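As stored in my_file_9.txt (compact mmCIF, C-alpha atoms):
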```txt
# COMPACT_ATOMS: atom_id res chain seq x y z
CA MET A 1 30.07 65.58 26.13
CA PRO A 2 27.62 66.47 23.39
CA LEU A 3 24.04 67.15 24.35
CA PHE A 4 22.49 64.22 22.52
CA LEU A 5 24.85 61.76 24.26
CA ARG A 6 23.90 63.15 27.70
CA GLN A 7 20.20 62.84 26.84
CA ARG A 8 20.69 59.27 25.68
CA GLN A 9 22.60 58.37 28.87
CA GLN A 10 19.88 59.91 31.07
CA MET A 11 17.22 57.98 29.15
CA SER A 12 19.11 54.67 29.65
CA LYS A 13 19.42 55.33 33.41
CA HIS A 14 15.69 56.08 33.60
CA ILE A 15 14.82 52.81 31.82
CA LEU A 16 17.12 50.79 34.10
CA SER A 17 15.64 52.38 37.22
CA ARG A 18 12.12 51.50 36.10
CA ARG A 19 13.17 47.95 35.24
CA SER A 20 14.71 47.44 38.70
CA THR A 21 11.29 47.95 40.32
CA GLU A 22 9.65 45.17 38.27
CA PRO A 23 9.32 41.56 39.66
CA ASP A 24 11.73 40.12 37.13
CA GLY A 25 14.54 42.44 38.41
CA PRO A 26 17.28 44.09 36.41
CA SER A 27 19.02 40.84 35.57
CA LEU A 28 16.86 40.32 32.47
CA SER A 29 18.29 41.45 29.19
CA PRO A 30 16.05 43.63 27.01
CA SER A 31 15.35 40.75 24.65
CA ARG A 32 14.49 38.31 27.47
CA HIS A 33 12.39 41.01 29.15
CA PHE A 34 10.51 41.53 25.91
CA HIS A 35 9.91 37.81 25.32
CA SER A 36 8.81 37.27 28.91
CA LYS A 37 5.90 39.56 28.25
CA LEU A 38 4.76 37.41 25.34
CA ARG A 39 2.23 34.67 26.00
CA ALA A 40 2.29 31.28 24.31
CA PRO A 41 -0.60 30.72 21.93
CA PRO A 42 -3.38 28.50 23.26
CA PRO A 43 -2.97 24.80 22.44
CA ILE A 44 -4.77 23.51 19.40
CA PRO A 45 -7.66 21.29 20.53
CA ARG A 46 -7.39 17.69 19.43
CA HIS A 47 -10.23 15.36 18.61
CA PRO A 48 -9.11 11.73 19.18
CA GLY A 49 -12.50 10.40 18.23
CA ARG A 50 -12.46 12.24 14.92
CA ARG A 51 -8.89 11.11 14.25
CA GLY A 52 -9.86 7.49 14.92
CA ARG A 53 -12.82 7.78 12.57
CA LEU A 54 -10.58 9.19 9.87
CA CYS A 55 -8.09 6.34 10.29
CA SER A 56 -10.88 3.75 10.18
CA LYS A 57 -12.33 5.38 7.10
CA GLY A 58 -8.91 5.38 5.44
CA ARG A 59 -8.40 1.68 6.15
CA ALA A 60 -11.86 0.86 4.84
CA MET A 61 -11.18 2.80 1.66
CA GLY A 62 -7.88 0.96 1.27
CA TRP A 63 -9.54 -2.43 1.52
CA ALA A 64 -12.32 -1.32 -0.84
CA ALA A 65 -9.74 -0.17 -3.38
CA ARG A 66 -7.94 -3.53 -3.24
CA PHE A 67 -11.20 -5.45 -3.59
CA LEU A 68 -12.39 -3.34 -6.52
CA THR A 69 -9.01 -3.75 -8.23
CA ALA A 70 -9.16 -7.53 -7.89
CA ALA A 71 -12.77 -7.57 -9.14
CA ALA A 72 -11.81 -5.41 -12.12
CA PHE A 73 -9.02 -7.80 -13.11
CA LEU A 74 -11.39 -10.75 -12.69
CA ALA A 75 -13.99 -9.12 -14.92
CA ALA A 76 -11.37 -8.13 -17.48
CA GLY A 77 -10.38 -11.79 -17.73
CA LEU A 78 -13.60 -12.44 -19.64
CA LEU A 79 -12.21 -10.38 -22.50
CA PHE A 80 -9.45 -12.96 -22.97
CA ALA A 81 -11.73 -15.98 -22.41
CA PRO A 82 -15.06 -15.04 -24.03
CA ASP A 83 -16.35 -18.65 -24.01
CA ALA A 84 -15.75 -19.10 -20.27
CA LEU A 85 -19.44 -18.81 -19.42
CA ARG A 86 -20.37 -21.38 -22.07
CA LEU A 87 -23.79 -19.99 -22.82
CA GLY A 88 -26.21 -22.45 -24.34
CA GLY A 89 -28.57 -21.97 -27.20
CA GLY A 90 -31.87 -21.59 -25.33
CA SER A 91 -32.73 -19.21 -22.54
CA GLY A 92 -33.10 -21.91 -19.90
CA ASP A 93 -29.99 -23.78 -21.00
CA GLY A 94 -28.05 -20.52 -21.12
CA ASN A 95 -28.98 -19.58 -17.57
CA ALA A 96 -28.08 -23.03 -16.26
CA ALA A 97 -24.75 -23.00 -18.10
CA THR A 98 -23.96 -19.54 -16.77
CA ALA A 99 -24.74 -20.60 -13.21
CA ALA A 100 -22.59 -23.71 -13.59
CA ALA A 101 -19.68 -21.68 -14.99
CA ALA A 102 -19.98 -19.18 -12.14
CA ALA A 103 -20.03 -22.03 -9.61
CA ARG A 104 -16.89 -23.53 -11.15
CA LEU A 105 -15.11 -20.18 -10.99
CA VAL A 106 -16.16 -19.57 -7.37
CA HIS A 107 -15.11 -23.08 -6.37
CA LEU A 108 -11.71 -22.72 -8.02
CA LEU A 109 -10.98 -19.30 -6.49
CA ALA A 110 -12.11 -20.34 -3.01
CA PHE A 111 -10.12 -23.58 -3.13
CA ALA A 112 -6.99 -21.83 -4.43
CA THR A 113 -7.23 -19.16 -1.72
CA ALA A 114 -7.63 -21.72 1.09
CA TRP A 115 -4.85 -23.98 -0.19
CA GLY A 116 -2.45 -21.10 -0.89
CA ALA A 117 -3.06 -19.51 2.51
CA GLY A 118 -2.48 -22.86 4.21
CA LEU A 119 0.74 -23.41 2.29
CA TRP A 120 2.12 -19.98 3.16
CA VAL A 121 1.18 -19.90 6.85
CA THR A 122 2.15 -23.50 7.60
CA PHE A 123 5.40 -23.85 5.68
CA VAL A 124 6.73 -20.33 4.99
CA GLY A 125 5.37 -17.45 7.07
CA GLY A 126 5.43 -19.13 10.46
CA ILE A 127 8.97 -20.47 10.03
CA VAL A 128 10.37 -17.12 8.87
CA MET A 129 8.71 -15.20 11.72
CA PHE A 130 9.96 -17.67 14.34
CA LYS A 131 13.48 -17.39 12.95
CA TYR A 132 13.72 -13.58 13.01
CA LEU A 133 11.36 -12.36 15.77
CA PRO A 134 11.74 -12.50 19.56
CA ARG A 135 9.81 -15.52 20.77
CA HIS A 136 7.15 -13.68 22.77
CA GLN A 137 6.65 -11.17 19.96
CA PHE A 138 6.31 -14.07 17.53
CA GLY A 139 3.71 -15.73 19.77
CA SER A 140 1.70 -12.53 20.17
CA LEU A 141 1.69 -12.03 16.40
CA GLN A 142 0.55 -15.62 15.85
CA GLY A 143 -2.22 -15.09 18.39
CA LYS A 144 -3.55 -12.21 16.28
CA MET A 145 -2.95 -13.83 12.90
CA PHE A 146 -4.34 -17.33 13.46
CA PRO A 147 -7.98 -16.29 14.13
CA ALA A 148 -7.97 -14.27 10.89
CA TYR A 149 -6.22 -17.11 9.04
CA PHE A 150 -8.68 -19.79 10.16
CA THR A 151 -11.62 -17.50 9.47
CA LEU A 152 -10.39 -16.98 5.91
CA ILE A 153 -9.81 -20.64 5.09
CA SER A 154 -13.04 -21.69 6.84
CA VAL A 155 -15.06 -19.30 4.70
CA CYS A 156 -13.23 -20.42 1.55
CA SER A 157 -13.74 -24.09 2.42
CA ALA A 158 -17.45 -23.51 3.02
CA ILE A 159 -17.76 -21.76 -0.36
CA SER A 160 -15.91 -24.64 -2.04
CA VAL A 161 -18.24 -27.19 -0.43
CA ALA A 162 -21.35 -25.25 -1.49
CA ALA A 163 -20.16 -24.76 -5.07
CA PHE A 164 -19.05 -28.39 -5.48
CA ALA A 165 -22.33 -29.67 -4.02
CA TYR A 166 -24.23 -27.48 -6.48
CA LEU A 167 -22.22 -28.79 -9.43
CA HIS A 168 -22.41 -32.43 -8.29
CA PRO A 169 -25.63 -33.21 -6.40
CA TRP A 170 -25.29 -36.22 -4.11
CA LYS A 171 -27.94 -38.34 -5.82
CA THR A 172 -26.48 -38.00 -9.30
CA SER A 173 -22.77 -37.75 -8.43
CA SER A 174 -20.26 -40.54 -8.97
CA THR A 175 -18.27 -42.29 -6.25
CA ILE A 176 -15.17 -40.20 -6.96
CA GLU A 177 -17.17 -36.98 -6.75
CA ARG A 178 -18.62 -38.08 -3.41
CA TYR A 179 -15.10 -38.71 -2.13
CA GLN A 180 -14.08 -35.22 -3.25
CA LEU A 181 -17.01 -33.69 -1.41
CA GLY A 182 -15.91 -35.66 1.63
CA PHE A 183 -12.40 -34.21 1.39
CA LEU A 184 -13.79 -30.70 1.22
CA LEU A 185 -16.08 -31.33 4.19
CA SER A 186 -13.11 -32.73 6.12
CA ALA A 187 -11.12 -29.56 5.44
CA LEU A 188 -14.06 -27.41 6.53
CA GLY A 189 -14.52 -29.41 9.74
CA CYS A 190 -10.83 -29.17 10.66
CA ASN A 191 -10.76 -25.43 9.99
CA LEU A 192 -13.90 -24.80 12.05
CA SER A 193 -12.54 -26.89 14.94
CA ASN A 194 -9.39 -24.79 14.89
CA LEU A 195 -11.30 -21.52 14.63
CA LEU A 196 -13.84 -22.22 17.35
CA VAL A 197 -12.05 -24.60 19.76
CA PHE A 198 -8.32 -25.13 19.46
CA THR A 199 -7.11 -21.63 18.55
CA PRO A 200 -8.86 -19.80 21.44
CA MET A 201 -7.55 -22.41 23.88
CA THR A 202 -4.05 -22.23 22.41
CA VAL A 203 -3.91 -18.41 22.56
CA GLU A 204 -5.17 -18.35 26.15
CA MET A 205 -2.63 -20.97 27.23
CA MET A 206 0.15 -19.15 25.37
CA MET A 207 -0.54 -15.87 27.18
CA LYS A 208 -0.39 -17.63 30.54
CA ARG A 209 2.90 -19.24 29.60
CA HIS A 210 4.29 -15.91 28.38
CA LYS A 211 3.51 -14.33 31.75
CA MET A 212 5.21 -17.19 33.57
CA GLU A 213 8.27 -16.97 31.30
CA LYS A 214 8.57 -13.20 31.79
CA ASP A 215 8.69 -13.76 35.55
CA LEU A 216 11.52 -16.23 34.95
CA GLY A 217 13.41 -13.82 32.67
CA ILE A 218 13.09 -15.68 29.37
CA GLY A 219 11.12 -15.19 26.15
CA THR A 220 13.11 -12.47 24.39
CA GLU A 221 15.47 -14.86 22.60
CA VAL A 222 15.36 -15.00 18.79
CA GLY A 223 15.44 -18.21 16.76
CA TYR A 224 15.69 -20.56 19.74
CA SER A 225 14.08 -21.12 23.12
CA LYS A 226 15.39 -21.24 26.68
CA ASN A 227 12.11 -22.73 27.80
CA ALA A 228 13.27 -26.36 27.96
CA GLU A 229 16.33 -25.51 30.07
CA THR A 230 14.32 -23.32 32.44
CA ALA A 231 11.53 -25.91 32.76
CA LYS A 232 14.02 -28.34 34.33
CA ARG A 233 14.28 -25.96 37.29
CA SER A 234 10.61 -24.87 37.33
CA PRO A 235 7.94 -27.56 37.83
CA ALA A 236 5.16 -25.01 37.21
CA LEU A 237 6.59 -24.08 33.80
CA ALA A 238 7.04 -27.77 32.95
CA ALA A 239 3.37 -28.44 33.73
CA MET A 240 2.32 -25.43 31.63
CA ASN A 241 4.46 -26.69 28.75
CA ARG A 242 2.69 -30.06 28.79
CA LYS A 243 -0.76 -28.43 28.64
CA PHE A 244 0.27 -25.99 25.93
CA GLY A 245 1.97 -28.73 23.91
CA MET A 246 -1.17 -30.88 23.93
CA ILE A 247 -3.51 -28.08 22.78
CA HIS A 248 -1.02 -26.73 20.25
CA GLY A 249 -0.44 -30.23 18.90
CA LEU A 250 -4.17 -30.75 18.30
CA SER A 251 -4.37 -27.40 16.54
CA SER A 252 -1.40 -28.23 14.32
CA LEU A 253 -2.85 -31.67 13.53
CA ALA A 254 -6.18 -30.16 12.48
CA ASN A 255 -4.36 -27.63 10.29
CA ILE A 256 -2.29 -30.35 8.59
CA MET A 257 -5.41 -32.50 8.07
CA SER A 258 -7.15 -29.57 6.42
CA PHE A 259 -4.16 -28.87 4.18
CA GLY A 260 -3.89 -32.55 3.25
CA SER A 261 -7.58 -32.78 2.36
CA LEU A 262 -7.30 -29.78 0.08
CA ALA A 263 -4.14 -31.24 -1.47
CA MET A 264 -6.01 -34.46 -2.29
CA HIS A 265 -8.77 -32.43 -3.93
CA SER A 266 -6.16 -30.64 -6.05
CA TRP A 267 -5.45 -33.92 -7.89
CA TYR A 268 -9.11 -34.14 -8.86
CA LEU A 269 -9.13 -30.56 -10.12
CA SER A 270 -5.96 -31.06 -12.15
CA SER A 271 -7.53 -34.08 -13.88
CA LYS A 272 -10.40 -31.86 -15.03
CA LEU A 273 -8.22 -29.17 -16.58
CA ASP A 274 -7.94 -29.04 -20.34
CA LEU A 275 -5.05 -26.69 -21.05
```

Would you write out, as structure tokens, the structure that this file holds?
Amino acid sequence: MPLFLRQRQQMSKHILSRRSTEPDGPSLSPSRHFHSKLRAPPPIPRHPGRRGRLCSKGRAMGWAARFLTAAAFLAAGLLFAPDALRLGGGSGDGNAATAAAAARLVHLLAFATAWGAGLWVTFVGGIVMFKYLPRHQFGSLQGKMFPAYFTLISVCSAISVAAFAYLHPWKTSSTIERYQLGFLLSALGCNLSNLLVFTPMTVEMMMKRHKMEKDLGIGTEVGYSKNAETAKRSPALAAMNRKFGMIHGLSSLANIMSFGSLAMHSWYLSSKLDL
């Protein structure tokens, strides 16, 4: 055997003898033995508070961008309707005309937002969600959406009332204009009753009923409900259904009354348009 092969064989035996005395034993291959000596790098520290602040800042910037975009389009509309403000000849008349034009614009935008939101939530969004979502998931989503929805239309109704009252003071307004103010006040009252009274009660009752239904093994069905069938065998669920139905019915009635009042006001607004 050549000399260099004997030296290489002796060196391999020496390495194996040293490796057999180590805790890992000789069963480790050279590559595994090498990697076992390596240490994993320390974990990267995370900052959940900082991450939450970044997410909140990103959402705020997103809403600000949407608002600024809408405001930019609204301001650009003046370029295509330069006589919208209807400025008068004198300084005092010009200021009064500008304020009146601004009040008309604010009233129209607030009314349109409230009426459009009511139309979508009442006749489109709610029906589609109930048809395609599991029933408990649909109820939980409604419980989060309705407070925001009633807050939006309550604020818009209040703005419409304030703008209409500014344009048509009670002492100098006609009978028809007083009726229109009454319709707007009716919509505002129904929305506030839903926001402050009926919706919190409905959401609380719904969560209690969801818990009871989960114990009975129902609530995950889509597009239909097993509640009525199960209530025939569960007196407690039947009693909960009666309470929930009463509160939910009052909330739905107030919502329909608000939508109807705004719809009646839409006839008045259409009679004032000169297209």

How many Å lie between CA of Trp120 (chain A) and CA of His136 (chain A), rounded to one decimal? 21.2 Å

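Straight-line separation from CA of Ala238 (chain A) to CA of Ala254 (chain A): 24.5 Å.
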
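Take the candidates A:His265, A:Ala231, A:Lys208, A:Phe123 and check each one against Leu185 (chain A) using only C-alpha atoms; the shortest distance goes to A:His265.
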
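Across A:Asp274, A:Asn95, A:Gly223, A:Leu68, the tightest approach to Ile127 (chain A) is made by A:Gly223 when counting all atoms listed in the file.
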
Would you list the contacts of Met257 (chain A) as number ranges by chain, taking every protein, DNA or RNA residue within 7 Å and counting only C-alpha atoms, but skipping same-chain residues closer than 3 positions in sequence? A: 187, 190, 253-254, 260-261

Do a neighbour search on Thr199 (chain A) at 10 Å with all atoms listed in the file, toss out local chain neighbours closer than 5 positions, and write the hits as an NGL selection string. :A and (143 or 146-147 or 150 or 192-194 or 204-205 or 247-248 or 250-252)

Between A:Leu167, A:Cys156, A:Ser270, A:Ala76, smallest distance to Thr98 (chain A) by all atoms listed in the file belongs to A:Leu167

At a cut-off of 12 Å around the point (-17.7, -18.7, 3.0) (file coordinates), what residues fall inside when counting only C-alpha atoms? I'd like the answer as a ChimeraX atom specification. /A:106-107,109-111,113-114,150-163,188,191-192

Could you list, as an MDAnalysis selection string, every residue within 12 Å of Gly217 (chain A), counting all atoms listed in the file and ignoring same-chain residues fewer than 6 positions away? chainID A and resid 136 210:211 226:227 230

Give the padded box for region 259-267 of chain A as AutoDock Vina command-line options: axis-aligned, covering all atoms listed in the file, 4 Å on each side, centre and edge lengths in Å to one decimal.
```
--center_x -6.3 --center_y -31.7 --center_z -1.9 --size_x 12.9 --size_y 13.6 --size_z 20.1
```

Nearest residue to Gln137 (chain A) from the set A:Ala100, A:Val222, A:Ala117, A:Ile176 (distances using only C-alpha atoms): A:Val222

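CA of Thr175 (chain A) to CA of Ser266 (chain A) spans 16.8 Å [interatomic distance, one decimal].
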
Please determine, counting all atoms listed in the file, which residue among A:Gln180, A:Pro169, A:Gly249, A:Phe67 has the shortest atom-to-atom distance to Trp267 (chain A). A:Gln180

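Nearest-residue note for Thr122 (chain A): choosing from A:Trp63, A:Tyr149, A:Ala70, A:Tyr268, the minimum distance belongs to A:Tyr149, counting all atoms listed in the file.
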